[in-house]
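**Student:** Questions regarding the structure given below will be posed in turn.
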Amino acid sequence: MSAPSLSHPLRSLLLRLLCGAGWGLALFAGESWLLLRSGVVGVDIPVDGPYAALAAAVKPLLPGVLLRVAAVYAVAGAVLA
């Protein structure tokens, strides 16, 4: 007994959604790479004095923020596809 397959229109829609999400993630990765390479983001700034406390508070939150931004890029790519 074989597993039921998705009908053709649903398979086509799923493929478009996955391709759009992939393009969205690729766009996010490309933009992030360009920003980090050009140095405009300010990742390597010295965090002495009053900025040390701010950097210590923000640094643990960055992975979650980047994950949410990547998710928005993926959803937007899937919707636009």
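Letters A, B, ... go to the chains of the structure tokens in the order shown; residues in each chain start at 1; ligands are counted from 1 in the same order.
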Can you tell me, as a ChimeraX atom specification, what residues are no more than 10 Å from region 22-24 of chain A when counting only C-alpha atoms, ignoring any on the same chain fewer than 6 positions away?

**Tutor:** /A:16,30,70-81

**Student:** Report the distance between CA of Leu62 (chain A) and CA of Gly49 (chain A) in Å, rounded to one decimal place.

**Tutor:**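 About the pair CA of Leu62 (chain A) and CA of Gly49 (chain A): they are 20.8 Å apart.
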
**Student:** Would you return as an MDAnalysis selection string the members of region 6-71 of chain A that DSSP assigns to alpha helix (DSSP H) on this structure's backbone?

**Tutor:** chainID A and resid 8:38 50:58 62:71

**Student:** Quick check, in Å to one decimal: how far apart do CA of Gly20 (chain A) and CA of Val65 (chain A) lie?

**Tutor:**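 Separation between CA of Gly20 (chain A) and CA of Val65 (chain A): 21.3 Å.
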